[in-house]
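With TSV, C-alpha atoms inside, this is run.tsv:
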chain	number	residue	atom	x	y	z
A	18	MET	CA	117.12	-149.64	157.26
A	19	GLU	CA	113.83	-151.21	156.28
A	20	ASN	CA	111.40	-149.45	153.93
A	21	LYS	CA	108.09	-149.65	155.80
A	22	PRO	CA	105.23	-147.38	156.82
A	23	ILE	CA	105.31	-145.69	160.20
A	24	THR	CA	102.78	-146.87	162.76
A	25	ASN	CA	101.39	-143.81	164.51
A	26	ILE	CA	99.98	-140.67	162.90
A	27	ASP	CA	97.77	-137.98	164.38
A	28	LEU	CA	95.58	-137.24	161.35
A	29	ASN	CA	94.55	-133.85	162.73
A	30	ALA	CA	98.21	-132.82	163.09
A	31	PHE	CA	98.97	-134.17	159.59
A	32	ALA	CA	96.27	-132.02	158.00
A	33	GLY	CA	97.17	-128.71	156.42
A	34	LYS	CA	99.65	-127.34	153.89
A	35	TRP	CA	102.77	-129.25	152.78
A	36	TYR	CA	105.43	-128.00	150.37
A	37	SER	CA	106.91	-130.76	148.22
A	38	LEU	CA	110.63	-129.94	148.30
A	39	TYR	CA	112.25	-132.91	146.54
A	40	SER	CA	110.80	-135.93	144.81
A	41	ILE	CA	111.38	-139.00	142.74
A	42	PRO	CA	108.32	-138.16	140.68
A	43	THR	CA	105.57	-140.30	139.22
A	44	LEU	CA	104.70	-140.06	135.52
A	45	MET	CA	101.86	-137.69	136.39
A	46	ASP	CA	103.95	-135.15	138.33
A	47	LYS	CA	107.21	-135.54	136.42
A	48	ASN	CA	107.30	-131.93	135.17
A	49	TRP	CA	105.66	-130.26	138.15
A	50	LYS	CA	107.47	-127.57	140.14
A	51	GLN	CA	106.61	-125.55	143.26
A	52	THR	CA	104.11	-128.22	144.25
A	53	ILE	CA	101.98	-127.54	147.34
A	54	GLU	CA	99.54	-130.05	148.80
A	55	THR	CA	96.78	-129.10	151.21
A	56	TYR	CA	95.18	-131.94	153.18
A	57	THR	CA	91.68	-131.46	154.62
A	58	LEU	CA	90.54	-134.20	157.00
A	59	LYS	CA	87.00	-135.39	156.37
A	60	GLU	CA	84.62	-137.07	158.83
A	61	ASP	CA	84.96	-140.53	157.32
A	62	ASP	CA	88.73	-140.59	157.95
A	63	HIS	CA	90.07	-139.63	154.57
A	64	PHE	CA	91.72	-136.47	153.32
A	65	ASP	CA	90.55	-134.31	150.45
A	66	VAL	CA	93.78	-133.16	148.81
A	67	LEU	CA	94.24	-130.00	146.75
A	68	THR	CA	97.53	-130.03	144.84
A	69	SER	CA	98.74	-126.84	143.16
A	70	TYR	CA	101.78	-126.73	140.90
A	71	HIS	CA	103.51	-125.06	137.97
A	72	LYS	CA	104.31	-127.14	134.93
A	73	GLY	CA	107.44	-126.90	132.80
A	74	GLY	CA	108.39	-123.33	133.72
A	75	ASN	CA	104.91	-122.01	132.93
A	76	PRO	CA	104.00	-119.18	135.35
A	77	GLU	CA	100.33	-120.24	135.37
A	78	GLU	CA	99.39	-122.19	138.49
A	79	LYS	CA	97.44	-125.39	137.93
A	80	SER	CA	95.70	-127.63	140.45
A	81	ILE	CA	94.11	-131.04	140.84
A	82	THR	CA	92.08	-132.66	143.58
A	83	SER	CA	92.41	-136.17	144.95
A	84	LYS	CA	91.62	-138.21	148.03
A	85	LEU	CA	93.95	-139.92	150.47
A	86	PHE	CA	92.73	-142.94	152.42
A	87	PHE	CA	94.08	-144.63	155.55
A	88	TYR	CA	92.90	-148.05	156.77
A	89	ASP	CA	92.27	-149.22	160.33
A	90	GLU	CA	93.65	-152.69	159.69
A	91	LYS	CA	97.02	-151.41	158.40
A	92	ALA	CA	99.87	-149.31	159.80
A	93	ASP	CA	98.89	-145.64	160.00
A	94	GLY	CA	101.46	-144.71	157.35
A	95	ASP	CA	100.03	-147.17	154.80
A	96	MET	CA	97.76	-145.08	152.61
A	97	LYS	CA	96.12	-145.05	149.20
A	98	ALA	CA	95.80	-142.02	146.94
A	99	GLN	CA	92.88	-141.79	144.54
A	100	PHE	CA	93.27	-139.41	141.62
A	101	LEU	CA	90.65	-141.08	139.43
A	102	TRP	CA	87.82	-143.23	140.75
A	103	PRO	CA	87.98	-146.21	141.34
A	104	PHE	CA	91.77	-146.50	141.02
A	105	LYS	CA	94.00	-146.16	144.09
A	106	ILE	CA	97.79	-145.99	144.32
A	107	GLY	CA	99.67	-147.17	147.39
A	108	TYR	CA	102.01	-144.82	149.24
A	109	TRP	CA	103.75	-145.10	152.58
A	110	ILE	CA	104.64	-142.42	155.09
A	111	ILE	CA	108.14	-143.66	155.94
A	112	GLU	CA	109.25	-140.79	158.15
A	113	LEU	CA	107.45	-138.03	160.03
A	114	ALA	CA	108.97	-135.39	162.29
A	115	ASP	CA	107.73	-135.49	165.88
A	116	ASP	CA	106.48	-131.91	165.46
A	117	TYR	CA	105.00	-132.64	162.00
A	118	SER	CA	107.38	-130.11	160.41
A	119	TYR	CA	108.37	-132.56	157.65
A	120	VAL	CA	107.20	-135.84	156.18
A	121	VAL	CA	108.77	-138.37	153.82
A	122	VAL	CA	106.34	-140.26	151.60
A	123	GLY	CA	107.65	-143.35	149.87
A	124	HIS	CA	106.41	-146.35	147.95
A	125	PRO	CA	106.39	-150.08	148.82
A	126	ASP	CA	108.67	-150.75	145.80
A	127	GLU	CA	110.92	-147.69	146.38
A	128	LYS	CA	109.70	-146.23	143.04
A	129	TYR	CA	108.54	-142.81	144.24
A	130	LEU	CA	109.69	-140.51	147.02
A	131	PHE	CA	108.45	-137.14	148.28
A	132	ILE	CA	110.20	-135.02	150.90
A	133	MET	CA	107.70	-132.43	152.11
A	134	ALA	CA	107.76	-129.74	154.78
A	135	ARG	CA	105.49	-127.11	156.28
A	136	GLU	CA	107.81	-124.40	154.95
A	137	PRO	CA	109.11	-123.99	151.37
A	138	LYS	CA	112.67	-124.76	152.50
A	139	MET	CA	114.52	-127.01	154.93
A	140	GLU	CA	117.82	-126.87	156.80
A	141	ALA	CA	120.54	-128.32	154.57
A	142	ASP	CA	121.87	-130.69	157.28
A	143	LEU	CA	118.41	-132.11	157.93
A	144	LEU	CA	117.79	-132.62	154.21
A	145	VAL	CA	121.12	-134.46	153.83
A	146	ASP	CA	120.22	-136.73	156.78
A	147	ILE	CA	116.77	-137.50	155.35
A	148	ILE	CA	118.19	-138.29	151.92
A	149	GLU	CA	120.78	-140.62	153.47
A	150	ARG	CA	118.08	-142.50	155.42
A	151	CYS	CA	116.07	-142.86	152.19
A	152	ARG	CA	119.14	-144.25	150.41
A	153	GLU	CA	119.57	-146.77	153.23
A	154	LYS	CA	115.93	-147.82	152.76
A	155	GLY	CA	116.55	-148.65	149.10
A	156	TYR	CA	115.55	-145.51	147.22
A	157	ASP	CA	117.68	-144.35	144.28
A	158	VAL	CA	118.25	-140.86	145.67
A	159	SER	CA	120.21	-139.87	142.55
A	160	GLU	CA	116.76	-139.52	140.92
A	161	LEU	CA	115.59	-136.86	143.40
A	162	VAL	CA	114.62	-133.57	141.75
A	163	SER	CA	114.03	-130.20	143.36
A	164	GLN	CA	110.57	-128.69	143.31
A	165	GLU	CA	112.26	-125.27	143.07
A	166	HIS	CA	110.40	-123.39	145.78
A	167	PHE	CA	111.74	-119.88	146.21

Go through the file and emit its structure as structure tokens.
Amino acid sequence: MENKPITNIDLNAFAGKWYSLYSIPTLMDKNWKQTIETYTLKEDDHFDVLTSYHKGGNPEEKSITSKLFFYDEKADGDMKAQFLWPFKIGYWIIELADDYSYVVVGHPDEKYLFIMAREPKMEADLLVDIIERCREKGYDVSELVSQEHF
């Protein structure tokens, strides 16, 4: 399977709360657990993103804000996240459920991977299937870590 962004996203349907269930984390979110991202669509076709998380077993919830941009001239799933202006990081939506119940966010170089869902858990069979498809796309799924949602 080829690692590439999907081509058709309804941004209004994509908006809302997503639970990060498993990830191959970045340096920034390496020790985050129970991560929840809330996407709010803005008029100029970007999302304001509120990310809440717990760090290293600490019960105190922390949060950060960022922006997520999509571009008309690229596939819908080709996006850039901006945590600190003016720097942007490329991410790809590589899989999205027809009913928007889960999304898989990857990276052009297969470095990072995020399996997210609208609920804090997912059917085991579905999760196994998603992980297998990610492996076939070139991701080192042995690096996936649980976000430990309860």

Checklist entry - Do you know which residues are at most 9 Å from region 51-53 of chain A counting only C-alpha atoms, after dropping those on the same chain fewer than 5 positions away, and could you put them as a list of chain:residue names? => result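 Skipping anything fewer than 5 positions along the chain leaves A:Lys34, A:Trp35, A:Tyr36, A:Ser37, A:Leu38, A:Leu67, A:Thr68, A:Ser69, A:Tyr70, A:His71, A:Lys72, A:Met133, A:Pro137, A:Ser163, A:Gln164, A:Glu165, A:His166, A:Phe167.
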
Residues from the last selection, C-alpha atoms, saved as a PDB file, in the frame of the given file:
ATOM      1  CA  LYS A  34      99.650-127.340 153.890  1.00  0.00           C
ATOM      2  CA  TRP A  35     102.770-129.250 152.780  1.00  0.00           C
ATOM      3  CA  TYR A  36     105.430-128.000 150.370  1.00  0.00           C
ATOM      4  CA  SER A  37     106.910-130.760 148.220  1.00  0.00           C
ATOM      5  CA  LEU A  38     110.630-129.940 148.300  1.00  0.00           C
ATOM      6  CA  LEU A  67      94.240-130.000 146.750  1.00  0.00           C
ATOM      7  CA  THR A  68      97.530-130.030 144.840  1.00  0.00           C
ATOM      8  CA  SER A  69      98.740-126.840 143.160  1.00  0.00           C
ATOM      9  CA  TYR A  70     101.780-126.730 140.900  1.00  0.00           C
ATOM     10  CA  HIS A  71     103.510-125.060 137.970  1.00  0.00           C
ATOM     11  CA  LYS A  72     104.310-127.140 134.930  1.00  0.00           C
ATOM     12  CA  MET A 133     107.700-132.430 152.110  1.00  0.00           C
ATOM     13  CA  PRO A 137     109.110-123.990 151.370  1.00  0.00           C
ATOM     14  CA  SER A 163     114.030-130.200 143.360  1.00  0.00           C
ATOM     15  CA  GLN A 164     110.570-128.690 143.310  1.00  0.00           C
ATOM     16  CA  GLU A 165     112.260-125.270 143.070  1.00  0.00           C
ATOM     17  CA  HIS A 166     110.400-123.390 145.780  1.00  0.00           C
ATOM     18  CA  PHE A 167     111.740-119.880 146.210  1.00  0.00           C
TER      19      PHE A 167
END

Item to check | Distance in Å - CA of Asp46 (chain A) versus CA of Ile106 (chain A) | outcome: 13.8 Å

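One finds CA of Lys50 (chain A) at 18.5 Å from CA of Gly123 (chain A).
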
Item to check | Distance in Å - CA of Ile111 (chain A) versus CA of Gly73 (chain A) | outcome: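 Separation of CA of Ile111 (chain A) and CA of Gly73 (chain A): 28.6 Å.
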
Checklist entry - What's the 9 Å shell around Asp157 (chain A), counting only C-alpha atoms, without same-chain residues fewer than 6 positions away, as number ranges by chain? => result A: 41, 127-128, 151

Item to check | Selection as JSON, numbers by chain: residues within 8 Å of (112.2, -145.6, 152.3), counting all atoms listed in the file | outcome: {"A": [19, 20, 21, 111, 122, 123, 124, 127, 130, 150, 151, 152, 153, 154, 155, 156]}

With region 96-103 of chain A as the partner and 10 Å as the cut-off, tabulate the residues of region 36-72 of chain A that qualify, each row holding the nearest pair of atoms and their distance in Å to one decimal, using all atoms listed in the file, sorted by chain and rising number, as CSV.
residue,atom,partner,partner_atom,distance
A:His63,CA,A:Met96,CA,9.6
A:Phe64,CA,A:Ala98,CA,9.4
A:Asp65,CA,A:Gln99,CA,9.8
A:Val66,CA,A:Ala98,CA,9.3

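Each of A:Trp49, A:Tyr117, A:Tyr129, A:Tyr39 was checked against Ile26 (chain A) using all atoms listed in the file; the smallest atom-to-atom distance is that of A:Tyr117.
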
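Proximity to Val162 (chain A) was assessed for A:Pro42, A:Gly74, A:Gly107, A:Gly33 counting only C-alpha atoms; the smallest distance is recorded for A:Pro42.
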
Item to check | Who sits within 12 Å of Ala114 (chain A), only C-alpha atoms, same chain under 6 positions skipped, as a VMD selection string | outcome: chain A and resid 23 25 to 27 30 to 31 120 to 121 132 to 135 143 147

Checklist entry - Which residues come within 9 Å of Asp62 (chain A), counting only C-alpha atoms, excluding same-chain residues fewer than 6 positions away, as an MDAnalysis selection string? => result chainID A and resid 28 86:88

Since the input has fewer atoms than a full residue there, write region 26-37 of chain A out with all heavy atoms, as an mmCIF file, in the frame of the given file.
data_model
loop_
_atom_site.group_PDB
_atom_site.id
_atom_site.type_symbol
_atom_site.label_atom_id
_atom_site.label_comp_id
_atom_site.auth_asym_id
_atom_site.auth_seq_id
_atom_site.Cartn_x
_atom_site.Cartn_y
_atom_site.Cartn_z
ATOM 1 N N ILE A 26 100.158 -142.001 163.465
ATOM 2 C CA ILE A 26 99.980 -140.670 162.900
ATOM 3 C C ILE A 26 98.751 -140.033 163.532
ATOM 4 O O ILE A 26 97.691 -140.653 163.616
ATOM 5 C CB ILE A 26 99.775 -140.740 161.372
ATOM 6 C CG1 ILE A 26 101.008 -141.317 160.686
ATOM 7 C CG2 ILE A 26 99.469 -139.354 160.805
ATOM 8 C CD1 ILE A 26 100.823 -141.547 159.211
ATOM 9 N N ASP A 27 98.898 -138.787 163.931
ATOM 10 C CA ASP A 27 97.770 -137.980 164.380
ATOM 11 C C ASP A 27 97.235 -137.290 163.117
ATOM 12 O O ASP A 27 97.856 -136.361 162.596
ATOM 13 C CB ASP A 27 98.246 -136.968 165.416
ATOM 14 C CG ASP A 27 97.155 -136.020 165.873
ATOM 15 O OD1 ASP A 27 96.120 -135.868 165.179
ATOM 16 O OD2 ASP A 27 97.345 -135.394 166.937
ATOM 17 N N LEU A 28 96.106 -137.756 162.612
ATOM 18 C CA LEU A 28 95.580 -137.240 161.350
ATOM 19 C C LEU A 28 95.262 -135.753 161.421
ATOM 20 O O LEU A 28 95.437 -135.028 160.437
ATOM 21 C CB LEU A 28 94.359 -138.040 160.912
ATOM 22 C CG LEU A 28 94.616 -139.520 160.596
ATOM 23 C CD1 LEU A 28 93.316 -140.195 160.159
ATOM 24 C CD2 LEU A 28 95.688 -139.695 159.544
ATOM 25 N N ASN A 29 94.829 -135.283 162.581
ATOM 26 C CA ASN A 29 94.550 -133.850 162.730
ATOM 27 C C ASN A 29 95.834 -133.025 162.603
ATOM 28 O O ASN A 29 95.839 -131.961 161.996
ATOM 29 C CB ASN A 29 93.852 -133.559 164.054
ATOM 30 C CG ASN A 29 92.410 -134.025 164.034
ATOM 31 O OD1 ASN A 29 91.644 -133.663 163.161
ATOM 32 N ND2 ASN A 29 92.051 -134.856 164.994
ATOM 33 N N ALA A 30 96.933 -133.525 163.174
ATOM 34 C CA ALA A 30 98.210 -132.820 163.090
ATOM 35 C C ALA A 30 98.791 -132.898 161.673
ATOM 36 O O ALA A 30 99.502 -131.989 161.239
ATOM 37 C CB ALA A 30 99.205 -133.397 164.098
ATOM 38 N N PHE A 31 98.478 -133.981 160.958
ATOM 39 C CA PHE A 31 98.970 -134.170 159.590
ATOM 40 C C PHE A 31 98.271 -133.241 158.602
ATOM 41 O O PHE A 31 98.835 -132.847 157.585
ATOM 42 C CB PHE A 31 98.799 -135.629 159.173
ATOM 43 C CG PHE A 31 99.474 -135.971 157.877
ATOM 44 C CD1 PHE A 31 100.830 -136.232 157.840
ATOM 45 C CD2 PHE A 31 98.757 -136.026 156.692
ATOM 46 C CE1 PHE A 31 101.466 -136.549 156.645
ATOM 47 C CE2 PHE A 31 99.376 -136.343 155.494
ATOM 48 C CZ PHE A 31 100.732 -136.602 155.475
ATOM 49 N N ALA A 32 97.048 -132.870 158.897
ATOM 50 C CA ALA A 32 96.270 -132.020 158.000
ATOM 51 C C ALA A 32 96.965 -130.675 157.795
ATOM 52 O O ALA A 32 97.780 -130.247 158.608
ATOM 53 C CB ALA A 32 94.871 -131.800 158.580
ATOM 54 N N GLY A 33 96.638 -130.031 156.690
ATOM 55 C CA GLY A 33 97.170 -128.710 156.420
ATOM 56 C C GLY A 33 98.038 -128.669 155.176
ATOM 57 O O GLY A 33 97.991 -129.552 154.327
ATOM 58 N N LYS A 34 98.845 -127.603 155.085
ATOM 59 C CA LYS A 34 99.650 -127.340 153.890
ATOM 60 C C LYS A 34 101.031 -127.984 153.996
ATOM 61 O O LYS A 34 101.698 -127.880 155.018
ATOM 62 C CB LYS A 34 99.821 -125.830 153.704
ATOM 63 C CG LYS A 34 100.563 -125.451 152.435
ATOM 64 C CD LYS A 34 100.815 -123.965 152.329
ATOM 65 C CE LYS A 34 99.559 -123.243 151.930
ATOM 66 N NZ LYS A 34 99.808 -121.821 151.603
ATOM 67 N N TRP A 35 101.441 -128.642 152.906
ATOM 68 C CA TRP A 35 102.770 -129.250 152.780
ATOM 69 C C TRP A 35 103.399 -128.787 151.473
ATOM 70 O O TRP A 35 102.766 -128.848 150.419
ATOM 71 C CB TRP A 35 102.662 -130.780 152.747
ATOM 72 C CG TRP A 35 102.234 -131.391 154.038
ATOM 73 C CD1 TRP A 35 100.964 -131.756 154.394
ATOM 74 C CD2 TRP A 35 103.072 -131.731 155.145
ATOM 75 N NE1 TRP A 35 100.969 -132.300 155.646
ATOM 76 C CE2 TRP A 35 102.255 -132.298 156.136
ATOM 77 C CE3 TRP A 35 104.433 -131.600 155.394
ATOM 78 C CZ2 TRP A 35 102.754 -132.742 157.357
ATOM 79 C CZ3 TRP A 35 104.934 -132.043 156.611
ATOM 80 C CH2 TRP A 35 104.096 -132.608 157.570
ATOM 81 N N TYR A 36 104.653 -128.355 151.549
ATOM 82 C CA TYR A 36 105.430 -128.000 150.370
ATOM 83 C C TYR A 36 106.250 -129.225 149.961
ATOM 84 O O TYR A 36 107.013 -129.755 150.764
ATOM 85 C CB TYR A 36 106.400 -126.849 150.671
ATOM 86 C CG TYR A 36 105.712 -125.548 150.957
ATOM 87 C CD1 TYR A 36 105.262 -125.242 152.239
ATOM 88 C CD2 TYR A 36 105.514 -124.617 149.939
ATOM 89 C CE1 TYR A 36 104.634 -124.038 152.502
ATOM 90 C CE2 TYR A 36 104.881 -123.409 150.200
ATOM 91 C CZ TYR A 36 104.447 -123.131 151.486
ATOM 92 O OH TYR A 36 103.824 -121.939 151.754
ATOM 93 N N SER A 37 106.084 -129.667 148.731
ATOM 94 C CA SER A 37 106.910 -130.760 148.220
ATOM 95 C C SER A 37 108.253 -130.152 147.820
ATOM 96 O O SER A 37 108.324 -129.326 146.917
ATOM 97 C CB SER A 37 106.230 -131.413 147.007
ATOM 98 O OG SER A 37 107.000 -132.485 146.537
#
